[in-house]
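Engineer: So here's my_file23.pdb, just PDB, C-alpha atoms:
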ATOM      1  CA  MET A   1       0.000   0.000   0.000
ATOM      2  CA  THR A   2       2.844   2.284   0.765
ATOM      3  CA  THR A   3       4.311   1.699  -2.629
ATOM      4  CA  VAL A   4       1.012   2.441  -4.326
ATOM      5  CA  ASP A   5       0.627   5.662  -2.378
ATOM      6  CA  ASP A   6       4.132   6.800  -3.293
ATOM      7  CA  THR A   7       3.469   6.088  -6.909
ATOM      8  CA  ALA A   8       0.222   7.915  -6.832
ATOM      9  CA  SER A   9       1.788  10.899  -5.155
ATOM     10  CA  GLY A  10       4.537  10.919  -7.758
ATOM     11  CA  ASP A  11       2.014  10.808 -10.578
ATOM     12  CA  ALA A  12       0.100  13.636  -9.045
ATOM     13  CA  GLY A  13       3.235  15.757  -8.706
ATOM     14  CA  GLU A  14       4.142  15.648 -12.380
ATOM     15  CA  PRO A  15       1.242  17.778 -13.576
ATOM     16  CA  ALA A  16       2.049  20.283 -10.852
ATOM     17  CA  THR A  17       5.615  20.784 -12.096
ATOM     18  CA  ALA A  18       4.734  20.947 -15.815
ATOM     19  CA  PRO A  19       3.429  24.523 -15.857
ATOM     20  CA  ALA A  20       6.550  25.730 -14.063
ATOM     21  CA  MET A  21       8.720  24.231 -16.803
ATOM     22  CA  GLU A  22       6.658  25.822 -19.601
ATOM     23  CA  ALA A  23       6.447  29.343 -18.114
ATOM     24  CA  PRO A  24       9.781  30.664 -19.492
ATOM     25  CA  ALA A  25       8.911  29.381 -22.978
ATOM     26  CA  ALA A  26       5.584  31.215 -22.882
ATOM     27  CA  ALA A  27       7.332  34.447 -21.917
ATOM     28  CA  SER A  28       9.583  34.398 -25.009
ATOM     29  CA  PRO A  29       6.991  35.473 -27.577
ATOM     30  CA  ALA A  30       5.909  38.322 -25.362
ATOM     31  CA  GLY A  31       9.521  39.519 -25.151
ATOM     32  CA  ALA A  32       9.908  39.195 -28.900
ATOM     33  CA  ASP A  33       7.177  41.771 -29.387
ATOM     34  CA  THR A  34       9.326  44.400 -27.718
ATOM     35  CA  LEU A  35      12.435  43.733 -29.786
ATOM     36  CA  PRO A  36      13.615  46.496 -32.203
ATOM     37  CA  HIS A  37      12.000  46.714 -35.631
ATOM     38  CA  ASP A  38      13.734  45.988 -38.938
ATOM     39  CA  LEU A  39      16.946  48.019 -38.662
ATOM     40  CA  THR A  40      18.160  47.565 -42.223
ATOM     41  CA  PRO A  41      18.489  50.872 -44.142
ATOM     42  CA  LEU A  42      15.360  50.144 -46.195
ATOM     43  CA  GLY A  43      13.444  49.037 -43.115
ATOM     44  CA  MET A  44      14.421  52.157 -41.194
ATOM     45  CA  PHE A  45      13.343  54.318 -44.127
ATOM     46  CA  ARG A  46       9.934  52.651 -44.240
ATOM     47  CA  GLN A  47       9.385  53.065 -40.497
ATOM     48  CA  ALA A  48      10.641  56.657 -40.325
ATOM     49  CA  ASP A  49       8.465  59.708 -39.750
ATOM     50  CA  TRP A  50       7.314  61.528 -42.897
ATOM     51  CA  VAL A  51       9.626  64.468 -42.159
ATOM     52  CA  VAL A  52      12.635  62.170 -41.831
ATOM     53  CA  LYS A  53      11.566  60.387 -45.017
ATOM     54  CA  ALA A  54      11.427  63.705 -46.859
ATOM     55  CA  VAL A  55      14.925  64.550 -45.619
ATOM     56  CA  MET A  56      16.269  61.182 -46.732
ATOM     57  CA  ILE A  57      14.678  61.437 -50.173
ATOM     58  CA  GLY A  58      16.033  64.959 -50.617
ATOM     59  CA  LEU A  59      19.539  63.848 -49.690
ATOM     60  CA  LEU A  60      19.367  60.888 -52.065
ATOM     61  CA  VAL A  61      18.265  63.195 -54.879
ATOM     62  CA  ALA A  62      21.126  65.585 -54.057
ATOM     63  CA  SER A  63      23.589  62.702 -54.176
ATOM     64  CA  LEU A  64      22.208  61.618 -57.553
ATOM     65  CA  ILE A  65      22.577  65.176 -58.893
ATOM     66  CA  THR A  66      26.192  65.202 -57.741
ATOM     67  CA  TRP A  67      27.074  62.128 -59.779
ATOM     68  CA  ILE A  68      25.170  63.390 -62.820
ATOM     69  CA  VAL A  69      27.112  66.665 -62.702
ATOM     70  CA  LEU A  70      30.356  64.684 -62.375
ATOM     71  CA  VAL A  71      29.707  62.725 -65.568
ATOM     72  CA  ALA A  72      28.296  65.606 -67.618
ATOM     73  CA  LYS A  73      30.852  68.209 -66.527
ATOM     74  CA  SER A  74      33.788  65.856 -66.997
ATOM     75  CA  ARG A  75      32.812  65.295 -70.613
ATOM     76  CA  GLU A  76      32.211  69.009 -71.214
ATOM     77  CA  LEU A  77      35.540  70.102 -69.734
ATOM     78  CA  ALA A  78      37.413  67.388 -71.602
ATOM     79  CA  LEU A  79      35.910  68.614 -74.891
ATOM     80  CA  LEU A  80      36.567  72.298 -74.135
ATOM     81  CA  THR A  81      40.144  71.629 -73.060
ATOM     82  CA  ARG A  82      40.863  69.542 -76.156
ATOM     83  CA  ARG A  83      39.535  72.262 -78.479
ATOM     84  CA  GLN A  84      41.415  74.988 -76.676
ATOM     85  CA  LYS A  85      44.699  73.086 -76.870
ATOM     86  CA  ARG A  86      44.287  72.596 -80.614
ATOM     87  CA  ALA A  87      43.489  76.300 -81.045
ATOM     88  CA  LEU A  88      46.547  77.305 -79.024
ATOM     89  CA  VAL A  89      48.834  75.081 -81.089
ATOM     90  CA  ALA A  90      47.425  76.459 -84.344
ATOM     91  CA  LEU A  91      47.818  80.074 -83.216
ATOM     92  CA  SER A  92      51.337  79.494 -81.944
ATOM     93  CA  GLN A  93      52.395  78.101 -85.331
ATOM     94  CA  ALA A  94      50.566  80.677 -87.484
ATOM     95  CA  PRO A  95      52.803  83.314 -89.148
ATOM     96  CA  SER A  96      50.086  85.983 -89.265
ATOM     97  CA  LEU A  97      46.521  86.740 -88.238
ATOM     98  CA  GLU A  98      45.094  85.982 -91.678
ATOM     99  CA  ALA A  99      47.069  82.766 -92.093
ATOM    100  CA  ALA A 100      45.837  81.253 -88.847
ATOM    101  CA  GLU A 101      43.409  78.364 -89.308
ATOM    102  CA  ILE A 102      41.443  77.053 -86.341
ATOM    103  CA  GLU A 103      38.493  74.763 -85.840
ATOM    104  CA  PRO A 104      35.310  76.859 -86.338
ATOM    105  CA  ARG A 105      34.048  76.202 -82.809
ATOM    106  CA  ALA A 106      37.326  77.322 -81.253
ATOM    107  CA  ASP A 107      38.129  80.440 -83.280
ATOM    108  CA  ALA A 108      36.085  82.975 -81.292
ATOM    109  CA  PHE A 109      39.265  84.778 -80.214
ATOM    110  CA  LEU A 110      40.689  84.836 -83.718
ATOM    111  CA  ALA A 111      37.371  85.999 -85.180
ATOM    112  CA  ALA A 112      37.142  88.833 -82.638
ATOM    113  CA  ALA A 113      40.658  90.043 -83.475
ATOM    114  CA  ARG A 114      39.982  89.922 -87.212
ATOM    115  CA  GLU A 115      36.707  91.790 -86.805
ATOM    116  CA  GLU A 116      38.352  94.531 -84.743
ATOM    117  CA  TRP A 117      41.139  94.789 -87.314
ATOM    118  CA  ARG A 118      38.569  95.145 -90.095
ATOM    119  CA  LEU A 119      36.581  97.788 -88.230
ATOM    120  CA  SER A 120      39.758  99.740 -87.466
ATOM    121  CA  GLY A 121      40.938  99.621 -91.072
ATOM    122  CA  GLY A 122      44.445  98.552 -90.149
ATOM    123  CA  ALA A 123      44.872 101.565 -87.829
ATOM    124  CA  LEU A 124      48.553 102.021 -88.647
ATOM    125  CA  ASP A 125      48.429 105.520 -87.202
ATOM    126  CA  ASP A 126      46.998 104.206 -83.895
ATOM    127  CA  ARG A 127      48.547 100.789 -83.376
ATOM    128  CA  ASP A 128      48.427 101.028 -79.585
ATOM    129  CA  GLY A 129      44.715 101.835 -79.711
ATOM    130  CA  LEU A 130      44.057  98.830 -81.941
ATOM    131  CA  LYS A 131      45.964  96.564 -79.556
ATOM    132  CA  GLU A 132      43.948  97.877 -76.609
ATOM    133  CA  ARG A 133      40.649  97.303 -78.386
ATOM    134  CA  VAL A 134      41.629  93.787 -79.408
ATOM    135  CA  ALA A 135      42.827  93.056 -75.869
ATOM    136  CA  ALA A 136      39.523  94.303 -74.420
ATOM    137  CA  SER A 137      37.537  92.063 -76.772
ATOM    138  CA  LEU A 138      39.681  89.054 -75.936
ATOM    139  CA  GLU A 139      39.341  89.749 -72.215
ATOM    140  CA  ARG A 140      35.556  89.680 -72.466
ATOM    141  CA  LEU A 141      35.689  86.421 -74.417
ATOM    142  CA  ALA A 142      38.021  84.886 -71.840
ATOM    143  CA  ALA A 143      35.672  85.876 -69.010
ATOM    144  CA  ALA A 144      32.704  84.391 -70.869
ATOM    145  CA  SER A 145      34.628  81.160 -71.453
ATOM    146  CA  GLY A 146      35.443  80.911 -67.753
ATOM    147  CA  ARG A 147      31.804  81.425 -66.785
ATOM    148  CA  ARG A 148      30.683  78.812 -69.265
ATOM    149  CA  ALA A 149      33.194  76.307 -67.920
ATOM    150  CA  SER A 150      32.076  76.974 -64.330
ATOM    151  CA  ARG A 151      28.393  76.567 -65.122
ATOM    152  CA  GLY A 152      26.828  73.730 -63.141
ATOM    153  CA  THR A 153      29.472  73.530 -60.427
ATOM    154  CA  GLY A 154      27.614  75.878 -58.087
ATOM    155  CA  VAL A 155      25.107  73.143 -57.269
ATOM    156  CA  LEU A 156      27.988  71.001 -55.988
ATOM    157  CA  ALA A 157      29.064  73.761 -53.615
ATOM    158  CA  THR A 158      25.480  74.145 -52.414
ATOM    159  CA  ILE A 159      25.067  70.420 -51.777
ATOM    160  CA  GLY A 160      28.413  70.172 -50.029
ATOM    161  CA  ALA A 161      27.595  73.081 -47.740
ATOM    162  CA  THR A 162      23.978  72.266 -46.874
ATOM    163  CA  ALA A 163      23.644  68.467 -46.965
ATOM    164  CA  PRO A 164      25.201  67.881 -43.498
ATOM    165  CA  PHE A 165      22.821  70.388 -41.925
ATOM    166  CA  VAL A 166      19.817  68.891 -43.702
ATOM    167  CA  GLY A 167      20.823  65.482 -42.396
ATOM    168  CA  LEU A 168      21.265  66.947 -38.934
ATOM    169  CA  PHE A 169      17.752  68.356 -39.108
ATOM    170  CA  GLY A 170      16.439  64.869 -39.859
ATOM    171  CA  THR A 171      18.457  63.527 -36.934
ATOM    172  CA  VAL A 172      17.083  66.085 -34.503
ATOM    173  CA  TRP A 173      13.540  65.434 -35.679
ATOM    174  CA  GLY A 174      13.924  61.664 -35.358
ATOM    175  CA  ILE A 175      15.406  61.847 -31.856
ATOM    176  CA  MET A 176      12.655  64.233 -30.815
ATOM    177  CA  ASN A 177      10.075  61.695 -31.954
ATOM    178  CA  SER A 178      11.921  58.990 -30.045
ATOM    179  CA  PHE A 179      11.678  60.948 -26.795
ATOM    180  CA  ILE A 180       8.000  61.592 -27.466
ATOM    181  CA  GLY A 181       7.537  57.836 -27.895
ATOM    182  CA  ILE A 182       9.322  57.197 -24.599
ATOM    183  CA  SER A 183       7.025  59.584 -22.755
ATOM    184  CA  GLN A 184       3.915  58.066 -24.305
ATOM    185  CA  ALA A 185       5.011  54.471 -23.597
ATOM    186  CA  ASN A 186       6.110  55.316 -20.037
ATOM    187  CA  THR A 187       9.208  53.167 -20.476
ATOM    188  CA  THR A 188      12.918  53.587 -21.084
ATOM    189  CA  ASN A 189      13.299  50.160 -22.698
ATOM    190  CA  LEU A 190      16.006  50.244 -25.378
ATOM    191  CA  ALA A 191      13.722  48.301 -27.703
ATOM    192  CA  VAL A 192      11.368  51.299 -27.755
ATOM    193  CA  VAL A 193      14.075  53.927 -28.202
ATOM    194  CA  ALA A 194      16.379  52.161 -30.658
ATOM    195  CA  PRO A 195      14.338  52.348 -33.895
ATOM    196  CA  GLY A 196      13.791  56.107 -33.753
ATOM    197  CA  ILE A 197      17.434  56.810 -32.914
ATOM    198  CA  ALA A 198      18.612  54.504 -35.707
ATOM    199  CA  GLU A 199      16.372  56.273 -38.211
ATOM    200  CA  ALA A 200      17.688  59.623 -37.038
ATOM    201  CA  LEU A 201      21.296  58.532 -37.406
ATOM    202  CA  LEU A 202      20.535  57.222 -40.893
ATOM    203  CA  ALA A 203      19.542  60.758 -41.897
ATOM    204  CA  THR A 204      22.906  62.039 -40.665
ATOM    205  CA  ALA A 205      24.716  59.314 -42.590
ATOM    206  CA  LEU A 206      22.867  60.199 -45.792
ATOM    207  CA  GLY A 207      23.776  63.854 -45.286
ATOM    208  CA  LEU A 208      27.454  62.935 -45.153
ATOM    209  CA  VAL A 209      27.095  60.595 -48.135
ATOM    210  CA  ALA A 210      25.687  63.499 -50.157
ATOM    211  CA  ALA A 211      28.069  66.187 -48.884
ATOM    212  CA  ILE A 212      31.493  64.510 -48.979
ATOM    213  CA  PRO A 213      31.477  63.518 -52.692
ATOM    214  CA  ALA A 214      30.029  66.922 -53.619
ATOM    215  CA  VAL A 215      32.894  68.759 -51.923
ATOM    216  CA  VAL A 216      35.550  66.476 -53.416
ATOM    217  CA  ILE A 217      34.087  66.726 -56.925
ATOM    218  CA  TYR A 218      33.707  70.505 -56.639
ATOM    219  CA  ASN A 219      37.393  70.884 -55.717
ATOM    220  CA  HIS A 220      38.334  68.589 -58.600
ATOM    221  CA  PHE A 221      36.389  70.712 -61.073
ATOM    222  CA  ALA A 222      37.804  73.921 -59.595
ATOM    223  CA  ARG A 223      41.319  72.720 -60.444
ATOM    224  CA  ARG A 224      40.319  71.626 -63.937
ATOM    225  CA  ILE A 225      38.511  74.898 -64.639
ATOM    226  CA  GLN A 226      41.542  76.832 -63.442
ATOM    227  CA  GLY A 227      43.679  74.896 -65.923
ATOM    228  CA  TYR A 228      41.172  75.596 -68.697
ATOM    229  CA  ARG A 229      41.198  79.305 -67.908
ATOM    230  CA  ALA A 230      44.979  79.259 -68.161
ATOM    231  CA  LEU A 231      44.664  77.764 -71.653
ATOM    232  CA  VAL A 232      42.161  80.465 -72.581
ATOM    233  CA  GLY A 233      44.572  83.123 -71.345
ATOM    234  CA  ASP A 234      47.390  81.608 -73.409
ATOM    235  CA  THR A 235      45.132  81.580 -76.474
ATOM    236  CA  SER A 236      44.235  85.224 -75.963
ATOM    237  CA  ALA A 237      47.915  86.119 -75.642
ATOM    238  CA  ALA A 238      48.733  84.197 -78.840
ATOM    239  CA  VAL A 239      46.098  86.137 -80.793
ATOM    240  CA  LEU A 240      47.384  89.415 -79.401
ATOM    241  CA  ARG A 241      50.919  88.485 -80.486
ATOM    242  CA  LEU A 242      49.702  87.881 -84.031
ATOM    243  CA  VAL A 243      48.019  91.309 -84.070
ATOM    244  CA  SER A 244      51.179  92.986 -82.813
ATOM    245  CA  ARG A 245      53.292  91.072 -85.330
ATOM    246  CA  ASP A 246      51.088  92.090 -88.252
ATOM    247  CA  LEU A 247      51.101  95.732 -87.145
ATOM    248  CA  SER A 248      54.897  95.711 -86.942
ATOM    249  CA  ARG A 249      55.179  94.238 -90.427
ATOM    250  CA  GLN A 250      52.841  96.823 -91.895
ATOM    251  CA  GLY A 251      54.701  99.570 -90.068
ATOM    252  CA  ARG A 252      58.025  98.420 -91.507
ATOM    253  CA  GLY A 253      56.512  98.147 -94.988
ATOM    254  CA  LEU A 254      55.110 101.659 -94.756
ATOM    255  CA  ALA A 255      58.469 102.981 -93.567
ATOM    256  CA  ALA A 256      60.249 101.273 -96.457
ATOM    257  CA  VAL A 257      57.851 102.807 -98.952
ATOM    258  CA  ALA A 258      58.310 106.241 -97.408
ATOM    259  CA  GLY A 259      62.107 105.861 -97.459
ATOM    260  CA  GLY A 260      62.073 104.766-101.106
TER     261      GLY A 260
END
Translate this file's structure into structure tokens.
Structural biologist:
Amino acid sequence: MTTVDDTASGDAGEPATAPAMEAPAAASPAGADTLPHDLTPLGMFRQADWVVKAVMIGLLVASLITWIVLVAKSRELALLTRRQKRALVALSQAPSLEAAEIEPRADAFLAAAREEWRLSGGALDDRDGLKERVAASLERLAAASGRRASRGTGVLATIGATAPFVGLFGTVWGIMNSFIGISQANTTNLAVVAPGIAEALLATALGLVAAIPAVVIYNHFARRIQGYRALVGDTSAAVLRLVSRDLSRQGRGLAAVAGG
């Protein structure tokens, strides 16, 4: 009888201990509900506040514009530099203003000098005045060429200067929303705070991703444009030398005729 009672008591104790063994397992799904959300970049974008989303989209568009300007401006400057080098070589080898032959798209300086020479009628009695007028025309053309080469680079400077602050605005907004969520949930659990802070920091990261390449590319173009302007200045000087050379030849010819 004692054995039967012990067995019965043991059988009765097993159901009593079973719920205690299953309690931790039942608590796991409840804890999983408080875990952080999807913290991949795409997941954080989807879960972000509409203001933070707008900031992120704006920064992504700015980054895209930066790379478009890089490709387009690189091709434009390469073409302009190549034409200007060919024009400079042709002018340096030309014996006179009329004998110079340049590609039609690159002969603006030569055309301006020839037009001023034609309007002045040779101006042998006022050679210095003719040189000054030609130099003034070439200076205006050089300034216009520099402005044309710099066109489009201002947006890079704007993106490089403002993108970090735009990203910081998104960060401040996201962290503010996180603190509002903490106050509404009446908890300081990291699982509640983490998603909002992660989304905010993503906005800062996107601001840096947009700003850093823009600054680097802008500085790269600034150096290339400076080199192009130097080529334009050399071209202008070569045209002015041809004008001075032709005036000297005509002056010597007129003196020879007068002496004869």
Engineer: Can you turn the PyMOL selection byres ((chain A and resi 154) around 12) into a concrete residue list for this file, as a list in words?
Structural biologist: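 Taken over the shown coordinates, the PyMOL selection byres ((chain A and resi 154) around 12) returns Ile65, Thr66, Val69, Lys73, Arg147, Arg148, Ala149, Ser150, Arg151, Gly152, Thr153, Val155, Leu156, Ala157, Thr158, Ile159, Gly160, Ala161, Ala214, Val215, Ile217, Tyr218, Asn219, Phe221 and Ala222 of chain A.
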Engineer: Given the PyMOL selection byres ((chain A and resi 167-176) around 8) and the file above, list the residues it selects as an MDAnalysis selection string.
Structural biologist: chainID A and resid 48:49 51:52 55:56 59 163:166 177:180 196:197 199:208
Engineer: May I ask which of the residues A:Ala210, A:Leu247, A:Val232, A:Ala99 is the closest one to Arg82 in chain A, counting only C-alpha atoms?
Structural biologist: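 Comparing A:Ala210, A:Leu247, A:Val232, A:Ala99 against Arg82 in chain A, the winner is A:Val232.
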Engineer: To one decimal place, how far is CA of Met44 in chain A from CA of Ser183 in chain A in Å?
Structural biologist: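 CA of Ser183 in chain A lies 21.2 Å from CA of Met44 in chain A.
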Engineer: Nearest to Thr162 in chain A: which of A:Leu80, A:Ala62, A:Ala144, A:Ile68 is it, counting only C-alpha atoms?
Structural biologist: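 Ranking A:Leu80, A:Ala62, A:Ala144, A:Ile68 by distance to Thr162 in chain A, first place goes to A:Ala62.
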Engineer: Suppose you want the space between CA of Leu242 in chain A and CA of Arg83 in chain A; what is it in Å?
Structural biologist: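 Distance reported for this atom pair: 19.4 Å.
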Engineer: Find, counting all atoms listed in the file, the residue in A:Gln47, A:Ser92, A:Ser145, A:Ser248 that gets nearest to Ala230 in chain A.
Structural biologist: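 Smallest separation from Ala230 in chain A among the options: A:Ser145.
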Engineer: Please determine, counting all atoms listed in the file, which residue among A:Gly129, A:Gly146, A:Pro95, A:Pro213 has the shortest atom-to-atom distance to Trp117 in chain A.
Structural biologist: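 The shortest atom-to-atom distance to Trp117 in chain A comes from A:Gly129.
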Engineer: Just give me the gap between CA of Ala87 in chain A and CA of Ile102 in chain A in Å, one decimal is fine.
Structural biologist: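 Taking CA of Ala87 in chain A as the start and CA of Ile102 in chain A as the end point, the length is 5.7 Å.
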Engineer: Select, from A:Val134, A:Ala112, A:Ala142, A:Arg75, the residue with the minimum atom-to-atom distance to Asp234 in chain A, counting only C-alpha atoms.
Structural biologist: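 Closest candidate: A:Ala142.
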Engineer: Would you please work out which residue, of A:Leu77, A:Ala100, A:Ala135, A:Val209, is nearest to Leu240 in chain A when using only C-alpha atoms?
Structural biologist: A:Ala135
